[in-house]
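S.K.: start_3.cif is reproduced below (mmCIF, C-alpha atoms).
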data_coords
loop_
_atom_site.label_atom_id
_atom_site.label_comp_id
_atom_site.auth_asym_id
_atom_site.auth_seq_id
_atom_site.Cartn_x
_atom_site.Cartn_y
_atom_site.Cartn_z
CA THR A 1 0.00 0.00 0.00
CA LYS A 2 1.08 3.55 -0.70
CA ARG A 3 2.14 5.55 2.37
CA HIS A 4 0.99 9.14 2.67
CA LYS A 5 3.00 11.71 4.57
CA LEU A 6 1.01 13.58 7.20
CA SER A 7 1.45 17.33 6.85
CA VAL A 8 2.06 19.63 9.79
CA ASN A 9 -1.23 21.46 9.20
CA ILE A 10 -3.23 18.22 9.16
CA LEU A 11 -1.48 17.13 12.36
CA HIS A 12 -2.39 20.39 14.01
CA ASN A 13 -6.04 20.03 13.03
CA ILE A 14 -6.06 16.54 14.56
CA VAL A 15 -4.37 17.75 17.74
CA SER A 16 -6.92 20.54 18.21
CA PHE A 17 -9.55 17.85 18.96
CA VAL A 18 -7.36 15.93 21.42
CA ALA A 19 -7.60 16.61 25.15
CA LEU A 20 -4.52 18.20 26.68
CA ASN A 21 -3.62 15.17 28.78
CA ARG A 22 -3.71 12.94 25.69
CA GLN A 23 -1.62 15.44 23.74
CA ILE A 24 1.20 15.07 26.21
CA ALA A 25 0.89 11.34 26.81
CA ILE A 26 -0.12 9.84 23.45
CA MET A 27 0.43 12.16 20.47
CA PRO A 28 4.25 12.14 20.59
CA LEU A 29 4.15 8.33 20.45
CA VAL A 30 1.75 8.25 17.52
CA CYS A 31 3.19 11.03 15.39
CA LYS A 32 6.81 10.82 16.56
CA ASP A 33 9.08 13.15 14.57
CA MET A 34 6.20 15.01 12.95
CA TRP A 35 4.93 15.99 16.40
CA ARG A 36 8.31 17.42 17.34
CA SER A 37 8.55 19.43 14.10
CA CYS A 38 5.15 21.02 14.52
CA THR A 39 6.18 24.57 15.48
CA ILE A 40 4.27 27.78 15.93
CA GLU A 41 5.62 29.08 12.60
CA HIS A 42 3.89 26.26 10.70
CA ALA A 43 0.92 25.39 12.84
CA LYS A 44 -2.37 27.27 12.72
CA SER A 45 -3.27 28.78 16.08
CA THR A 46 -6.31 27.46 17.90
CA SER A 47 -9.05 29.40 19.65
CA LEU A 48 -8.05 27.97 23.05
CA SER A 49 -7.36 30.88 25.42
CA THR A 50 -6.61 28.83 28.55
CA LEU A 51 -4.01 26.12 29.08
CA ASP A 52 -4.62 24.30 32.35
CA PHE A 53 -1.72 21.97 33.05
CA SER A 54 -2.92 21.49 36.64
CA THR A 55 -5.38 18.86 35.40
CA ILE A 56 -2.46 16.64 34.38
CA SER A 57 -0.04 17.59 37.14
CA ASN A 58 0.50 13.95 38.15
CA GLY A 59 1.85 13.12 34.71
CA ILE A 60 3.97 16.25 34.47
CA ASN A 61 5.51 15.68 37.90
CA LYS A 62 6.89 12.33 36.76
CA LEU A 63 9.06 14.05 34.15
CA ALA A 64 12.59 15.34 34.66
CA ASP A 65 13.07 19.07 34.12
CA GLU A 66 14.52 18.67 30.61
CA GLU A 67 11.58 16.53 29.52
CA LYS A 68 9.12 18.96 31.09
CA ILE A 69 10.65 21.76 29.03
CA LEU A 70 10.30 19.72 25.84
CA LYS A 71 6.71 18.61 26.45
CA LEU A 72 5.46 22.01 27.65
CA THR A 73 7.15 23.79 24.77
CA GLN A 74 5.43 21.47 22.28
CA ILE A 75 2.00 22.15 23.76
CA ILE A 76 2.45 25.92 24.13
CA ARG A 77 3.59 26.23 20.51
CA LEU A 78 0.35 24.66 19.37
CA HIS A 79 -1.79 27.13 21.34
CA SER A 80 -0.58 30.58 20.36
CA ASN A 81 -3.84 32.26 21.41
CA THR A 82 -3.34 31.32 25.06
CA GLN A 83 -3.98 34.17 27.49
CA HIS A 84 -4.30 32.25 30.75
CA ILE A 85 -1.96 29.49 31.88
CA PHE A 86 -2.21 27.30 34.97
CA PHE A 87 0.73 25.33 36.41
CA LYS A 88 -0.83 24.65 39.82
CA ASN A 89 0.77 21.66 41.59
CA CYS A 90 3.02 20.95 38.59
CA LYS A 91 6.28 21.35 40.56
CA ILE A 92 7.57 23.77 37.98
CA THR A 93 11.08 24.98 38.82
CA ASP A 94 13.08 28.08 37.86
CA LYS A 95 14.95 25.92 35.34
CA VAL A 96 11.74 24.80 33.63
CA LEU A 97 10.29 28.31 33.47
CA GLU A 98 13.51 29.66 32.03
CA GLY A 99 13.45 26.85 29.46
CA ILE A 100 9.92 27.64 28.25
CA PHE A 101 10.04 31.39 28.74
CA ASN A 102 10.73 32.23 25.10
CA GLU A 103 7.50 30.47 24.15
CA LEU A 104 5.56 32.16 26.96
CA ASN A 105 6.94 35.51 25.83
CA LYS A 106 5.35 34.99 22.40
CA LEU A 107 1.89 34.70 23.95
CA ASN A 108 -0.46 37.50 24.92
CA LEU A 109 -0.51 36.25 28.52
CA LYS A 110 -2.85 37.97 30.95
CA SER A 111 -2.75 35.57 33.91
CA ILE A 112 -0.39 32.95 35.32
CA ASP A 113 -1.05 30.47 38.14
CA LEU A 114 2.09 28.96 39.70
CA SER A 115 0.48 27.71 42.90
CA PHE A 116 2.69 25.33 44.90
CA CYS A 117 5.47 25.37 42.31
CA SER A 118 9.15 25.30 43.25
CA ILE A 119 9.94 28.77 41.92
CA SER A 120 12.02 31.53 43.48
CA ASP A 121 12.66 35.24 42.92
CA ALA A 122 14.37 34.42 39.61
CA SER A 123 11.09 33.29 38.06
CA VAL A 124 9.18 36.30 39.41
CA LYS A 125 11.78 38.57 37.83
CA LEU A 126 11.27 36.79 34.50
CA PHE A 127 7.53 37.32 34.64
CA SER A 128 7.96 40.98 35.55
CA THR A 129 9.09 41.51 31.95
CA LEU A 130 5.70 40.34 30.64
CA ASN A 131 3.97 43.69 30.81
CA LYS A 132 0.54 42.40 29.74
CA VAL A 133 0.21 40.03 32.70
CA SER A 134 -2.33 41.50 35.12
CA ALA A 135 -2.99 38.46 37.35
CA LEU A 136 -0.38 36.39 39.17
CA THR A 137 -0.93 33.49 41.57
CA ILE A 138 2.08 32.37 43.60
CA ARG A 139 0.16 30.63 46.36
CA GLY A 140 2.36 28.30 48.40
CA CYS A 141 5.55 29.43 46.63
CA ASP A 142 7.62 29.66 49.78
CA LYS A 143 10.92 30.28 47.99
CA VAL A 144 9.82 33.76 46.88
CA THR A 145 11.42 36.44 49.09
CA ILE A 146 11.42 40.23 49.35
CA GLU A 147 13.30 40.54 46.05
CA GLY A 148 10.48 38.78 44.25
CA PHE A 149 7.77 40.82 45.97
CA ASN A 150 9.65 43.99 45.05
CA GLU A 151 9.31 42.94 41.41
CA VAL A 152 5.61 42.23 41.98
CA SER A 153 5.06 45.79 43.19
CA ILE A 154 6.11 47.24 39.83
CA MET A 155 4.45 44.69 37.52
CA GLY A 156 1.19 46.58 37.08
CA LEU A 157 -0.84 43.68 38.46
CA HIS A 158 -4.57 43.95 39.16
CA TYR A 159 -4.71 40.56 40.93
CA LEU A 160 -2.19 38.90 43.23
CA ASP A 161 -2.64 35.70 45.24
CA ALA A 162 0.31 35.14 47.59
CA SER A 163 -1.60 32.98 50.05
CA GLU A 164 0.20 30.32 52.09
CA SER A 165 3.54 31.96 51.37
CA LYS A 166 6.25 33.28 53.68
CA LEU A 167 5.15 36.85 53.09
CA ASN A 168 5.85 39.00 56.15
CA ASN A 169 5.27 42.62 57.20
CA THR A 170 8.30 43.96 55.31
CA TRP A 171 7.31 42.20 52.10
CA LEU A 172 3.73 43.44 52.46
CA LYS A 173 5.07 46.98 52.46
CA GLU A 174 6.76 46.29 49.12
CA ILE A 175 3.50 45.00 47.62
CA SER A 176 1.63 48.06 48.90
CA LYS A 177 3.72 50.22 46.57
CA SER A 178 1.72 48.87 43.63
CA LYS A 179 -0.39 51.59 42.04
CA THR A 180 -2.67 49.16 40.17
CA LEU A 181 -3.51 46.30 42.55
CA LYS A 182 -7.25 45.69 43.02
CA THR A 183 -7.38 42.18 44.49
CA LEU A 184 -4.93 40.85 47.08
CA LYS A 185 -5.21 37.38 48.61
CA LEU A 186 -3.01 36.60 51.61
CA ARG A 187 -4.81 33.63 53.19
CA LYS A 188 -2.82 31.59 55.72
CA CYS A 189 0.19 33.92 55.66
CA SER A 190 1.32 33.01 59.16
CA LEU A 191 4.08 35.64 59.40
CA LEU A 192 1.80 38.66 58.94
CA THR A 193 0.95 40.66 62.08
CA ASN A 194 -1.36 43.58 62.86
CA GLU A 195 1.60 45.97 62.78
CA GLY A 196 2.29 45.07 59.16
CA PHE A 197 -0.85 46.94 58.09
CA GLU A 198 0.05 50.15 59.92
CA ASN A 199 0.56 53.27 57.79
CA LEU A 200 -0.36 51.51 54.54
CA SER A 201 -3.61 53.36 53.85
CA ASP A 202 -1.82 55.89 51.65
CA ASN A 203 -0.46 53.06 49.52
CA PHE A 204 -3.40 50.70 49.00
CA LYS A 205 -5.58 53.30 47.29
CA THR A 206 -6.65 51.04 44.41
CA LEU A 207 -7.43 47.94 46.48
CA PHE A 208 -11.04 46.69 46.23
CA TYR A 209 -10.68 43.19 47.71
CA LEU A 210 -8.46 41.89 50.51
CA ASP A 211 -8.35 38.34 51.88
CA VAL A 212 -6.39 37.85 55.12
CA SER A 213 -8.41 34.91 56.43
CA ASN A 214 -6.68 32.31 58.58
CA CYS A 215 -3.60 34.48 59.16
CA GLY A 216 -2.86 33.22 62.65
CA LYS A 217 -1.14 36.33 64.04
CA LEU A 218 -3.83 38.80 62.99
CA SER A 219 -6.52 39.93 65.41
CA THR A 220 -9.51 42.26 65.19
CA LYS A 221 -7.10 45.12 65.88
CA VAL A 222 -5.97 44.90 62.27
CA LEU A 223 -9.34 46.41 61.31
CA ASP A 224 -8.19 49.76 62.74
CA HIS A 225 -5.51 49.88 60.06
CA ILE A 226 -7.48 48.33 57.19
CA SER A 227 -10.33 50.79 57.71
CA GLY A 228 -8.08 53.40 56.15
CA PHE A 229 -8.08 51.60 52.77
CA ILE A 230 -10.51 54.06 51.19
CA ASN A 231 -11.61 51.98 48.18
CA LEU A 232 -11.81 48.59 49.88
CA ILE A 233 -15.18 46.93 49.23
CA THR A 234 -14.68 43.35 50.43
CA LEU A 235 -12.61 42.00 53.31
CA ASP A 236 -12.31 38.29 54.09
#
Step by step, read the file and then write its structure as structure tokens.
M.R.:
Amino acid sequence: TKRHKLSVNILHNIVSFVALNRQIAIMPLVCKDMWRSCTIEHAKSTSLSTLDFSTISNGINKLADEEKILKLTQIIRLHSNTQHIFFKNCKITDKVLEGIFNELNKLNLKSIDLSFCSISDASVKLFSTLNKVSALTIRGCDKVTIEGFNEVSIMGLHYLDASESKLNNTWLKEISKSKTLKTLKLRKCSLLTNEGFENLSDNFKTLFYLDVSNCGKLSTKVLDHISGFINLITLD
């Protein structure tokens, strides 16, 4: 029988109907070299605006960093319209993010979720160069320090979730320098104290929503300081 060569465009059309978890697990085995050669320059972009790798975190976490870079790069190249990307629980490291950053930089990214990933200040600094990103989730990223939060303050974010991190009073002061932040989630930040919210009312002028629930060192006295946040609508 005559063998027909599968074109890159046909491959991309097939892939667009395949669930993300199957793309990573099965398609490279089926299409082999053709899959690897399917780049953003040749492939038609899809209408998918969200890539949620958290749904396949178990599979991703079994891969070594180099293989993660390869697999994630392949998927991101096929979804050039992506605006929202979720890496929650994927154990993404600084090395992996650096390896896929060129592909991320080609996207029109608006939000990134790195919850419980093994990233540090280096990754936050990378993302600070993506000036269209307005929402960042670094929940449970306990390697991020004051240097990272200093970068966050100048990113032009509207939404920041730094819950369950090692954020303390000093780092909170850095975040408060943001002139664009509207939503701030700091749930279970055990190092925050009432004193950390003193004299911040002049800074948090754009803040509409604040979540400080389950912060063990905060008491009702913190309300005396938060009451000065003139535009705050919701407090949890």
S.K.: Between CA of Asn203 in chain A and CA of Asn131 in chain A, what distance in Å does the model show, to one decimal?
M.R.: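 Rounded to one decimal, the two atoms are 21.4 Å apart.
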S.K.: With 10 Å as the threshold, what does the neighbourhood of (-1.6, 32.4, 23.2) contain in terms of residues, counting all atoms listed in the file? Coordinates are those of the file; answer as a count of residues only.
M.R.: 25
S.K.: I would like the residues chosen by the PyMOL selection byres ((chain A and resi 100) around 10) on the shown file; could you give them as a count of residues only?
M.R.: 18
S.K.: Anything within 7 Å of (-8.9, 56.6, 46.5): list those residues as a PDB file with C-alpha atoms, in the coordinates of the input, counting only C-alpha atoms and sticking to the file's coordinates.
M.R.:
ATOM      1  CA  LYS A 205      -5.580  53.300  47.290  1.00  0.00           C
ATOM      2  CA  THR A 206      -6.650  51.040  44.410  1.00  0.00           C
ATOM      3  CA  ILE A 230     -10.510  54.060  51.190  1.00  0.00           C
ATOM      4  CA  ASN A 231     -11.610  51.980  48.180  1.00  0.00           C
TER       5      ASN A 231
END
S.K.: Residue by residue, what does the PyMOL selection byres ((chain A and resi 216-228) around 6) grab here? Present the result as a ChimeraX atom specification.
M.R.: /A:190,193-194,197-198,201,214-215,229-230
S.K.: Go through A:Lys88, A:Thr170, A:Ser134, A:Leu63 one by one, measure the shortest atom-to-atom distance of each to Gly156 in chain A using all atoms listed in the file, and give the residue with the smallest value.
M.R.: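 Checking each of A:Lys88, A:Thr170, A:Ser134, A:Leu63 against Gly156 in chain A, counting all atoms listed in the file, the winner is A:Ser134.
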S.K.: Starting from the PyMOL selection byres ((chain A and resi 119) around 7), expand the selection into actual residues of this file and give them as a ChimeraX atom specification.
M.R.: /A:92-94,117-118,120,123,141,143
S.K.: Work out how far apart CA of Glu151 in chain A and CA of Leu172 in chain A are and give it in Å to one decimal.
M.R.: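 Going from CA of Glu151 in chain A over to CA of Leu172 in chain A covers 12.4 Å.
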S.K.: For Leu157 in chain A, which residue out of A:Ser178, A:Ser57, A:Ser213, A:Asn199 is the nearest one, using only C-alpha atoms?
M.R.: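 For Leu157 in chain A, the nearest of the given residues is A:Ser178.
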S.K.: Report as a list in words all protein, DNA and RNA residues lying within 12 Å of Ile154 in chain A, evaluated on all atoms listed in the file, omitting residues in the same chain fewer than 5 positions from it.
M.R.: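 Once the nearby chain positions are removed, what remains is Val124, Lys125, Phe127, Ser128, Thr129, Leu130, Asn131, Val133, Ser134, Glu147, Gly148, Phe149, Glu174, Ile175, Ser176, Lys177, Ser178, Lys179, Thr180 and Leu181 of chain A.
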S.K.: May I have the residues within 8 Å of Val212 in chain A as a ChimeraX atom specification, using all atoms listed in the file and disregarding those fewer than 2 positions away in the same chain?
M.R.: /A:185-189,210,214-215,235-236
S.K.: Report, in Å to a single decimal, how far apart CA of Glu195 in chain A and CA of Ser153 in chain A are.
M.R.: 19.9 Å
S.K.: Using all atoms listed in the file, find the one residue out of A:Ala64, A:Leu160, A:Leu232, A:Leu167 that sits nearest to Ile146 in chain A.
M.R.: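 Smallest distance to Ile146 in chain A is found for A:Leu167.
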S.K.: Considering all atoms listed in the file, state which residue in the set A:Thr145, A:Ser111, A:Asn58, A:Thr137 is at the smallest distance from Asn169 in chain A.
M.R.: A:Thr145
S.K.: Counting all atoms listed in the file, which of A:Leu207, A:Asp202, A:Asp121, A:Leu192 gets nearest to His158 in chain A?
M.R.: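 Among the listed residues, A:Leu207 lies closest to His158 in chain A.
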S.K.: Between A:Lys62, A:Thr55, A:Ser115, A:Arg139, which has the minimum distance to Ser165 in chain A (counting all atoms listed in the file)?
M.R.: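 Among the listed residues, A:Arg139 lies closest to Ser165 in chain A.
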